[in-house]
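Student: Sharing a structure with you now.
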Amino acid sequence: MDDAFIEGLPKVELHLHIEGSLEPELMFKLAQRNKIKIPFKSVAEVRKAYNFSNLQDFLDIYYQGMNVLQKEQDYYDLTMAYLKRVAAQNVVHTEIFFDPQGHTSRGVKFETVLNGITRALEDGEKELGISSKLIMCFLRHLPEKDALKTLKEALPYTDKIYGVGLDSSEKGHPPSKFRKVFKKAKKHGLKLVAHAGEEGPPEYVWEAIDTINVNRIDHGNRSLEDKKLVKRLVKDETPLTVCPLSNLKLCVVKDIKLHPLKKMLELGLKATINSDDPAYFGGYMNENFKAVASGLKLSKKDLETISRNSIEASFLKKKEKKKLLKKLKAYMDQTANDPAPKAKVKLKAKA
Ligand code: ADE
Ligand code: ZN
């Protein structure tokens with residue numbers, strides 16, 4: 001697969017933890033600005049520490065990294081840096097997670113986090129032409145009562161927060177633990193998503209769809225172990241927000257050549273490609289697309305399907321989805337007879 005085709009492809013990201021886009025360079029800058037001590041001497045030393053055996057290994061470093069985020073401007077800078085990176089990769093729409101409990105537990109105000117992120121999202125739309133939605137995640141290793149408290153804090157801001165999600169340590173923390181808080185969020189008109197089947201068993205995916213009634217599954221890899229579950233996900237067209245480089249880095253797959261994405265597409269699952277925590281896992285959207293395109297020998301048609309799945313699985317309005325589908329079709333037509341489209345195929349940032 002030609003890299004230039006992937007670079008020019010209009011893409012939508014649906015699984016991105018904004019705290020996971022904190023590059024070591026910005027971590028150092030913010031540590032200095034806020035006079036926070038970090039246990040690393042150099043950027044190279046930080047990158048060397050990013051060697052994980054499983055999800056928990058990563059989460060321990062991820063929560064430590066967040067400590068440098070203190071002021072509204074820090075959240076703005078973090079979000080704007082991500083938007084600039086992905087706008088340059090032809091990402092036209094992004095749905096971003098944030099973990100308020102990772103900040104409020106350190107004494108940072110909920111509003112400080114929310115205002116910094118949303119101000120950048122607004123500027124990103126105006127200046128870079130990238131549209132976005134914000135999704136607030138509950139940390140599943142904490143009790144449901146903490147999630148309920150967080151939801152209460154968020155309810156005055158449902159104009160800024162579009163949905164809720166569930167992340168952090170999966171094993172031992174099934175979706176059913178959060179039945180009440182998801183029910184309440186739905187009552188307030190919020191969309192629902194949850195990480196399930198990343199490390200946890202297929203039963204957690206069943207619970208995500210049947211007990212907490214999510215609109216999308218984040219990851220969902222282990223769904224493939226249960227034929228009945230696959231049938232149900234295909235029938236309901238439940239989107240899976242798959243994260244190839246994350247799966248590789250967290251040892252969910254041993255080799256990118258063994259990644260289940262192609263199998264998911266063959267089974268008719270609505271799979272999408274996303275970056276999860278790009279600063280920690282070695283790549284943003286283009287790098288994830290390139291890794292699986294080459295590792296799994298994906299065709300242009302496969303990549304078009306993935307991009308179309310993401311547009312359809314997004315929380316955009318019908319009219320906005322139509323506009324992006326048209327843009328995708330125009331790109332496919334434009335590159336149809338070009339075996340090597342090279343960098344000359346570059347879409348304008350604005351939709
Ligand atoms: N928080 C950030 N990245 C995560 C992931 N891949 N799984 C669960 N929680 C996360
Ligand atoms: Zn994730």
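Ordering of the structure tokens sets the chain letters (A, B, ...), residue numbers begin anew at 1 in every chain, and ligands are numbered from 1 in the order given.
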At a cut-off of 10 Å, using only C-alpha atoms, what residues contact stretch 151-167 of chain A? Leave out same-chain residues fewer than 5 positions from it and give the result as a ChimeraX atom specification.
Tutor: /A:17,95-100,110-111,114-115,117-118,132-141,145-146,173-175,178,181-182,184-186,188-196,208,214-218,315
Student: Name the closest residue to A:Lys149 among the candidates A:Ser176, A:Thr238, A:Asn288, A:Gln101; distances are taken between atoms, counting only C-alpha atoms.
Tutor: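 Using only C-alpha atoms, A:Lys149 sits closest to A:Gln101.
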Student: Could you check which of A:Leu245, A:Leu26, A:Leu325, A:Ala147 is closest to ligand 1, using only C-alpha atoms and all ligand atoms?
Tutor: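 Of the candidates, the smallest distance to ligand 1 is held by A:Leu245.
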Student: Enter the distance from atom CA of A:Asp333 to atom CA of A:Leu269, in Å, rounded to one decimal.
Tutor: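 About the pair atom CA of A:Asp333 and atom CA of A:Leu269: they are 24.9 Å apart.
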Student: So which bits of stretch 139-320 of chain A end up strand (DSSP E) when you DSSP the backbone, as an MDAnalysis selection string?
Tutor: chainID A and resid 139 163:167 191:196 216:219 239:242 270:273
Student: Once you count only C-alpha atoms and all ligand atoms, which residues end up within 7 Å of ligand 1, and could you hand them over as a VMD selection string?
Tutor: chain A and resid 17 20 55 59 167 to 170 195 246 276 to 277
Student: Got time to write the residues from that selection, all heavy atoms, as a PDB file, in the first residue's frame?
Tutor:
```pdb
ATOM      1  N   HIS A  17      -7.360   9.286  23.800  1.00  0.00           N
ATOM      2  CA  HIS A  17      -7.338   9.863  25.147  1.00  0.00           C
ATOM      3  C   HIS A  17      -6.448  11.092  25.064  1.00  0.00           C
ATOM      4  O   HIS A  17      -5.245  10.957  24.767  1.00  0.00           O
ATOM      5  CB  HIS A  17      -6.768   8.865  26.153  1.00  0.00           C
ATOM      6  CG  HIS A  17      -7.536   7.578  26.205  1.00  0.00           C
ATOM      7  ND1 HIS A  17      -8.503   7.324  27.142  1.00  0.00           N
ATOM      8  CD2 HIS A  17      -7.490   6.481  25.398  1.00  0.00           C
ATOM      9  CE1 HIS A  17      -9.020   6.117  26.926  1.00  0.00           C
ATOM     10  NE2 HIS A  17      -8.419   5.591  25.872  1.00  0.00           N
ATOM     11  N   GLY A  20      -3.249  10.973  26.647  1.00  0.00           N
ATOM     12  CA  GLY A  20      -2.319  10.045  26.005  1.00  0.00           C
ATOM     13  C   GLY A  20      -1.645  10.641  24.781  1.00  0.00           C
ATOM     14  O   GLY A  20      -0.888   9.957  24.084  1.00  0.00           O
ATOM     15  N   LEU A  55      -1.683  -3.611  29.980  1.00  0.00           N
ATOM     16  CA  LEU A  55      -2.399  -2.339  30.158  1.00  0.00           C
ATOM     17  C   LEU A  55      -2.009  -1.630  31.458  1.00  0.00           C
ATOM     18  O   LEU A  55      -1.760  -0.427  31.465  1.00  0.00           O
ATOM     19  CB  LEU A  55      -3.917  -2.619  30.111  1.00  0.00           C
ATOM     20  CG  LEU A  55      -4.856  -1.441  30.385  1.00  0.00           C
ATOM     21  CD1 LEU A  55      -4.642  -0.296  29.386  1.00  0.00           C
ATOM     22  CD2 LEU A  55      -6.323  -1.897  30.346  1.00  0.00           C
ATOM     23  N   LEU A  59      -0.758   2.143  32.253  1.00  0.00           N
ATOM     24  CA  LEU A  59      -1.595   3.079  33.018  1.00  0.00           C
ATOM     25  C   LEU A  59      -0.805   3.734  34.148  1.00  0.00           C
ATOM     26  O   LEU A  59      -0.972   4.927  34.423  1.00  0.00           O
ATOM     27  CB  LEU A  59      -2.843   2.371  33.564  1.00  0.00           C
ATOM     28  CG  LEU A  59      -3.892   1.985  32.508  1.00  0.00           C
ATOM     29  CD1 LEU A  59      -4.957   1.056  33.110  1.00  0.00           C
ATOM     30  CD2 LEU A  59      -4.560   3.211  31.872  1.00  0.00           C
ATOM     31  N   ASP A 167     -12.976   3.758  31.027  1.00  0.00           N
ATOM     32  CA  ASP A 167     -11.612   3.331  30.691  1.00  0.00           C
ATOM     33  C   ASP A 167     -10.833   2.944  31.946  1.00  0.00           C
ATOM     34  O   ASP A 167     -11.419   2.778  33.006  1.00  0.00           O
ATOM     35  CB  ASP A 167     -10.886   4.398  29.840  1.00  0.00           C
ATOM     36  CG  ASP A 167     -10.646   5.689  30.592  1.00  0.00           C
ATOM     37  OD1 ASP A 167     -11.021   5.784  31.781  1.00  0.00           O
ATOM     38  OD2 ASP A 167     -10.082   6.627  29.989  1.00  0.00           O
ATOM     39  N   SER A 168      -9.520   2.806  31.814  1.00  0.00           N
ATOM     40  CA  SER A 168      -8.601   2.346  32.868  1.00  0.00           C
ATOM     41  C   SER A 168      -8.623   0.814  32.997  1.00  0.00           C
ATOM     42  O   SER A 168      -9.080   0.137  32.077  1.00  0.00           O
ATOM     43  CB  SER A 168      -8.909   3.048  34.195  1.00  0.00           C
ATOM     44  OG  SER A 168      -7.853   2.827  35.100  1.00  0.00           O
ATOM     45  N   SER A 169      -8.162   0.299  34.134  1.00  0.00           N
ATOM     46  CA  SER A 169      -7.904  -1.149  34.308  1.00  0.00           C
ATOM     47  C   SER A 169      -9.172  -1.977  34.071  1.00  0.00           C
ATOM     48  O   SER A 169     -10.119  -1.904  34.856  1.00  0.00           O
ATOM     49  CB  SER A 169      -7.411  -1.412  35.726  1.00  0.00           C
ATOM     50  OG  SER A 169      -6.589  -0.349  36.160  1.00  0.00           O
ATOM     51  N   GLU A 170      -9.154  -2.803  33.023  1.00  0.00           N
ATOM     52  CA  GLU A 170     -10.396  -3.490  32.640  1.00  0.00           C
ATOM     53  C   GLU A 170     -10.690  -4.740  33.487  1.00  0.00           C
ATOM     54  O   GLU A 170     -11.812  -4.896  33.987  1.00  0.00           O
ATOM     55  CB  GLU A 170     -10.349  -3.865  31.149  1.00  0.00           C
ATOM     56  CG  GLU A 170     -11.689  -4.427  30.667  1.00  0.00           C
ATOM     57  CD  GLU A 170     -11.672  -4.865  29.205  1.00  0.00           C
ATOM     58  OE1 GLU A 170     -10.610  -4.833  28.569  1.00  0.00           O
ATOM     59  OE2 GLU A 170     -12.749  -5.261  28.730  1.00  0.00           O
ATOM     60  N   HIS A 195     -14.757   0.976  26.981  1.00  0.00           N
ATOM     61  CA  HIS A 195     -13.684   0.046  26.631  1.00  0.00           C
ATOM     62  C   HIS A 195     -14.150  -1.348  27.064  1.00  0.00           C
ATOM     63  O   HIS A 195     -14.591  -1.524  28.208  1.00  0.00           O
ATOM     64  CB  HIS A 195     -12.400   0.379  27.390  1.00  0.00           C
ATOM     65  CG  HIS A 195     -11.646   1.568  26.874  1.00  0.00           C
ATOM     66  ND1 HIS A 195     -12.225   2.793  26.705  1.00  0.00           N
ATOM     67  CD2 HIS A 195     -10.344   1.706  26.491  1.00  0.00           C
ATOM     68  CE1 HIS A 195     -11.313   3.630  26.240  1.00  0.00           C
ATOM     69  NE2 HIS A 195     -10.156   3.001  26.095  1.00  0.00           N
ATOM     70  N   SER A 246      -1.586   0.497  19.736  1.00  0.00           N
ATOM     71  CA  SER A 246      -1.832   0.311  21.165  1.00  0.00           C
ATOM     72  C   SER A 246      -1.826  -1.174  21.484  1.00  0.00           C
ATOM     73  O   SER A 246      -1.164  -1.633  22.429  1.00  0.00           O
ATOM     74  CB  SER A 246      -3.182   0.929  21.537  1.00  0.00           C
ATOM     75  OG  SER A 246      -3.663   0.432  22.755  1.00  0.00           O
ATOM     76  N   ASP A 276      -5.602   5.781  20.173  1.00  0.00           N
ATOM     77  CA  ASP A 276      -5.653   5.520  21.622  1.00  0.00           C
ATOM     78  C   ASP A 276      -4.799   6.517  22.415  1.00  0.00           C
ATOM     79  O   ASP A 276      -5.323   7.518  22.902  1.00  0.00           O
ATOM     80  CB  ASP A 276      -5.243   4.068  21.907  1.00  0.00           C
ATOM     81  CG  ASP A 276      -5.841   3.501  23.183  1.00  0.00           C
ATOM     82  OD1 ASP A 276      -6.626   4.216  23.816  1.00  0.00           O
ATOM     83  OD2 ASP A 276      -5.525   2.352  23.535  1.00  0.00           O
ATOM     84  N   ASP A 277      -3.503   6.242  22.547  1.00  0.00           N
ATOM     85  CA  ASP A 277      -2.592   7.126  23.303  1.00  0.00           C
ATOM     86  C   ASP A 277      -1.329   7.322  22.463  1.00  0.00           C
ATOM     87  O   ASP A 277      -0.274   6.719  22.752  1.00  0.00           O
ATOM     88  CB  ASP A 277      -2.240   6.469  24.647  1.00  0.00           C
ATOM     89  CG  ASP A 277      -3.475   6.201  25.486  1.00  0.00           C
ATOM     90  OD1 ASP A 277      -3.978   7.145  26.103  1.00  0.00           O
ATOM     91  OD2 ASP A 277      -3.946   5.053  25.479  1.00  0.00           O
TER      92      ASP A 277
END
```
Student: I'd like the contact shell of stretch 27-40 of chain A - 8 Å cut-off, only C-alpha atoms, skipping same-chain residues fewer than 3 positions apart - returned as a ChimeraX atom specification.
Tutor: /A:22-24,43,45-46,65,67-70,74
Student: I want to know what sits within 12 Å of stretch 317-322 of chain A, based on only C-alpha atoms, with residues of the same chain fewer than 3 positions away left out; could you give that as a ChimeraX atom specification?
Tutor: /A:12,92-93,131-133,307-314,325-329,351
Student: Given the choices A:Arg85, A:Lys126, A:Lys183, A:His219, which gets closest to ligand 2 if the distance is worked out from only C-alpha atoms and all ligand atoms?
Tutor: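 The answer is A:His219, which sits nearest to ligand 2.
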Student: Just asking: which residues within stretch 146-187 of chain A are alpha helix (DSSP H) according to DSSP, as a list in words?
Tutor: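 Answer for stretch 146-187 of chain A restricted to alpha helix (DSSP H) is Asp146, Ala147, Leu148, Lys149, Thr150, Leu151, Lys152, Glu153, Ala154, Arg179, Lys180, Val181, Phe182, Lys183, Lys184, Ala185, Lys186 and Lys187 of chain A.
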Student: Limited to N, CA, C and O atoms, could you put the picked residues into a file as a CSV table (one decimal), in the first residue's frame?
Tutor:
```csv
chain,number,residue,atom,x,y,z
A,146,ASP,N,-17.9,7.3,42.9
A,146,ASP,CA,-17.0,8.4,42.4
A,146,ASP,C,-17.4,8.8,40.9
A,146,ASP,O,-17.3,10.0,40.6
A,147,ALA,N,-17.8,7.8,40.1
A,147,ALA,CA,-18.3,8.1,38.8
A,147,ALA,C,-19.5,8.9,38.8
A,147,ALA,O,-19.7,9.9,38.1
A,148,LEU,N,-20.4,8.6,39.8
A,148,LEU,CA,-21.7,9.3,39.9
A,148,LEU,C,-21.4,10.8,40.3
A,148,LEU,O,-22.1,11.7,39.8
A,149,LYS,N,-20.4,11.0,41.2
A,149,LYS,CA,-20.0,12.3,41.6
A,149,LYS,C,-19.5,13.1,40.4
A,149,LYS,O,-19.8,14.3,40.2
A,150,THR,N,-18.7,12.4,39.6
A,150,THR,CA,-18.1,13.1,38.4
A,150,THR,C,-19.2,13.5,37.4
A,150,THR,O,-19.2,14.5,36.8
A,151,LEU,N,-20.2,12.6,37.2
A,151,LEU,CA,-21.3,12.9,36.3
A,151,LEU,C,-22.0,14.1,36.8
A,151,LEU,O,-22.4,15.0,36.0
A,152,LYS,N,-22.2,14.2,38.1
A,152,LYS,CA,-23.0,15.3,38.7
A,152,LYS,C,-22.2,16.6,38.4
A,152,LYS,O,-22.8,17.7,38.0
A,153,GLU,N,-20.9,16.6,38.4
A,153,GLU,CA,-20.1,17.8,38.1
A,153,GLU,C,-20.2,18.2,36.7
A,153,GLU,O,-20.1,19.3,36.3
A,154,ALA,N,-20.4,17.1,35.8
A,154,ALA,CA,-20.4,17.4,34.4
A,154,ALA,C,-21.8,17.9,33.9
A,154,ALA,O,-21.9,18.5,32.8
A,179,ARG,N,-23.6,0.3,36.1
A,179,ARG,CA,-24.9,0.3,35.5
A,179,ARG,C,-25.7,1.6,35.8
A,179,ARG,O,-26.3,2.2,34.9
A,180,LYS,N,-25.6,2.1,37.1
A,180,LYS,CA,-26.4,3.2,37.5
A,180,LYS,C,-26.0,4.5,36.8
A,180,LYS,O,-26.7,5.3,36.3
A,181,VAL,N,-24.6,4.7,36.8
A,181,VAL,CA,-24.1,6.0,36.2
A,181,VAL,C,-24.4,6.1,34.7
A,181,VAL,O,-24.7,7.2,34.2
A,182,PHE,N,-24.3,4.9,34.0
A,182,PHE,CA,-24.6,5.0,32.6
A,182,PHE,C,-26.1,5.2,32.3
A,182,PHE,O,-26.4,5.9,31.4
A,183,LYS,N,-26.9,4.6,33.2
A,183,LYS,CA,-28.4,4.9,33.0
A,183,LYS,C,-28.7,6.3,33.2
A,183,LYS,O,-29.5,6.9,32.4
A,184,LYS,N,-28.1,6.9,34.2
A,184,LYS,CA,-28.3,8.3,34.5
A,184,LYS,C,-27.8,9.2,33.4
A,184,LYS,O,-28.4,10.2,33.0
A,185,ALA,N,-26.6,8.9,32.8
A,185,ALA,CA,-26.0,9.7,31.7
A,185,ALA,C,-26.9,9.6,30.5
A,185,ALA,O,-27.1,10.7,29.8
A,186,LYS,N,-27.5,8.5,30.2
A,186,LYS,CA,-28.4,8.3,29.1
A,186,LYS,C,-29.6,9.2,29.3
A,186,LYS,O,-30.1,9.8,28.3
A,187,LYS,N,-30.1,9.2,30.5
A,187,LYS,CA,-31.3,10.0,30.8
A,187,LYS,C,-31.1,11.5,30.5
A,187,LYS,O,-32.0,12.2,30.1
```
Student: So what do you get for atom 1 (Zn, counted along the ligand's line) of ligand 2 versus atom CA of A:Leu16, distance-wise?
Tutor: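 Spanning atom 1 (Zn, counted along the ligand's line) of ligand 2 to atom CA of A:Leu16 is a straight-line distance of 6.4 Å.
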Student: What is the atom CA of A:Glu13-atom CA of A:Leu316 distance in Å, reported with one decimal?
Tutor: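 Pair atom CA of A:Glu13 / atom CA of A:Leu316 returns 12.1 Å.
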Student: Could you give me, as number ranges by chain, the residues within 8 Å of stretch 248-257 of chain A, counting only C-alpha atoms and dropping anything in the same chain fewer than 5 positions from it?
Tutor: A: 51-55, 58, 198-199, 281, 291-292, 295-296
Student: Keeping only all heavy atoms, write the selected residues to a file as a compact mmCIF listing (two decimals), in the first residue's frame.
Tutor:
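The resulting out05.txt:
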```txt
# COMPACT_ATOMS: atom_id res chain seq x y z
N ASN A 51 7.95 1.06 27.65
CA ASN A 51 8.02 -0.35 27.30
C ASN A 51 7.06 -1.08 28.21
O ASN A 51 7.29 -1.15 29.41
CB ASN A 51 9.45 -0.86 27.56
CG ASN A 51 10.09 -1.24 26.26
OD1 ASN A 51 9.49 -1.95 25.46
ND2 ASN A 51 11.31 -0.75 26.05
N PHE A 52 5.97 -1.55 27.64
CA PHE A 52 4.92 -2.08 28.51
C PHE A 52 4.66 -3.55 28.25
O PHE A 52 4.74 -4.00 27.11
CB PHE A 52 3.62 -1.28 28.27
CG PHE A 52 3.83 0.20 28.18
CD1 PHE A 52 3.66 0.89 26.98
CD2 PHE A 52 4.21 0.93 29.30
CE1 PHE A 52 3.86 2.26 26.88
CE2 PHE A 52 4.41 2.31 29.22
CZ PHE A 52 4.23 2.98 28.01
N SER A 53 4.30 -4.27 29.33
CA SER A 53 3.96 -5.69 29.17
C SER A 53 2.46 -5.90 29.11
O SER A 53 1.98 -6.94 28.69
CB SER A 53 4.49 -6.51 30.34
OG SER A 53 5.84 -6.25 30.53
N ASN A 54 1.72 -4.92 29.64
CA ASN A 54 0.26 -5.03 29.65
C ASN A 54 -0.36 -3.65 29.90
O ASN A 54 0.37 -2.67 30.06
CB ASN A 54 -0.20 -6.03 30.74
CG ASN A 54 0.40 -5.67 32.10
OD1 ASN A 54 0.48 -4.50 32.47
ND2 ASN A 54 0.84 -6.66 32.83
N LEU A 55 -1.68 -3.61 29.98
CA LEU A 55 -2.40 -2.34 30.16
C LEU A 55 -2.01 -1.63 31.46
O LEU A 55 -1.76 -0.43 31.47
CB LEU A 55 -3.92 -2.62 30.11
CG LEU A 55 -4.86 -1.44 30.38
CD1 LEU A 55 -4.64 -0.30 29.39
CD2 LEU A 55 -6.32 -1.90 30.35
N PHE A 58 1.24 0.30 31.46
CA PHE A 58 1.09 1.58 30.77
C PHE A 58 0.35 2.58 31.64
O PHE A 58 0.78 3.73 31.78
CB PHE A 58 0.35 1.38 29.43
CG PHE A 58 -0.36 2.60 28.96
CD1 PHE A 58 0.34 3.71 28.50
CD2 PHE A 58 -1.75 2.67 29.00
CE1 PHE A 58 -0.32 4.86 28.09
CE2 PHE A 58 -2.41 3.82 28.59
CZ PHE A 58 -1.70 4.92 28.14
N GLU A 198 -10.61 -5.44 25.51
CA GLU A 198 -9.20 -5.10 25.21
C GLU A 198 -8.36 -6.19 25.89
O GLU A 198 -7.65 -6.94 25.22
CB GLU A 198 -8.85 -3.71 25.75
CG GLU A 198 -7.42 -3.28 25.50
CD GLU A 198 -7.07 -1.93 26.15
OE1 GLU A 198 -7.82 -1.49 27.05
OE2 GLU A 198 -6.05 -1.33 25.75
N GLU A 199 -8.48 -6.29 27.21
CA GLU A 199 -7.87 -7.40 27.96
C GLU A 199 -8.95 -8.27 28.58
O GLU A 199 -8.73 -9.44 28.86
CB GLU A 199 -6.98 -6.85 29.08
CG GLU A 199 -5.65 -6.31 28.62
CD GLU A 199 -4.71 -6.00 29.78
OE1 GLU A 199 -5.18 -5.92 30.94
OE2 GLU A 199 -3.50 -5.83 29.53
N PHE A 281 2.34 5.19 22.33
CA PHE A 281 2.32 3.96 21.53
C PHE A 281 3.01 4.09 20.17
O PHE A 281 2.95 3.17 19.36
CB PHE A 281 0.88 3.45 21.35
CG PHE A 281 0.15 3.18 22.65
CD1 PHE A 281 -1.22 3.36 22.77
CD2 PHE A 281 0.86 2.73 23.76
CE1 PHE A 281 -1.88 3.10 23.97
CE2 PHE A 281 0.20 2.47 24.97
CZ PHE A 281 -1.17 2.66 25.07
N ALA A 291 0.73 0.92 9.62
CA ALA A 291 1.18 -0.33 10.27
C ALA A 291 0.28 -1.50 9.88
O ALA A 291 0.76 -2.57 9.51
CB ALA A 291 1.20 -0.15 11.78
N VAL A 292 -1.06 -1.29 9.94
CA VAL A 292 -1.94 -2.42 9.60
C VAL A 292 -2.05 -2.63 8.10
O VAL A 292 -2.19 -3.77 7.64
CB VAL A 292 -3.36 -2.32 10.20
CG1 VAL A 292 -3.40 -2.90 11.58
CG2 VAL A 292 -3.90 -0.93 10.18
N GLY A 295 1.14 -4.57 7.47
CA GLY A 295 1.17 -5.85 8.19
C GLY A 295 0.10 -6.83 7.75
O GLY A 295 0.31 -8.03 7.78
N LEU A 296 -1.06 -6.29 7.37
CA LEU A 296 -2.19 -7.18 7.02
C LEU A 296 -2.50 -7.15 5.52
O LEU A 296 -3.51 -7.72 5.09
CB LEU A 296 -3.45 -6.77 7.81
CG LEU A 296 -3.33 -6.77 9.33
CD1 LEU A 296 -4.59 -6.23 9.99
CD2 LEU A 296 -3.05 -8.18 9.85
```
Student: Pick the closest to ligand 2 from A:Asn90, A:Val113, A:Ile273, A:Glu72: which is it, counting only C-alpha atoms and all ligand atoms?
Tutor: A:Ile273
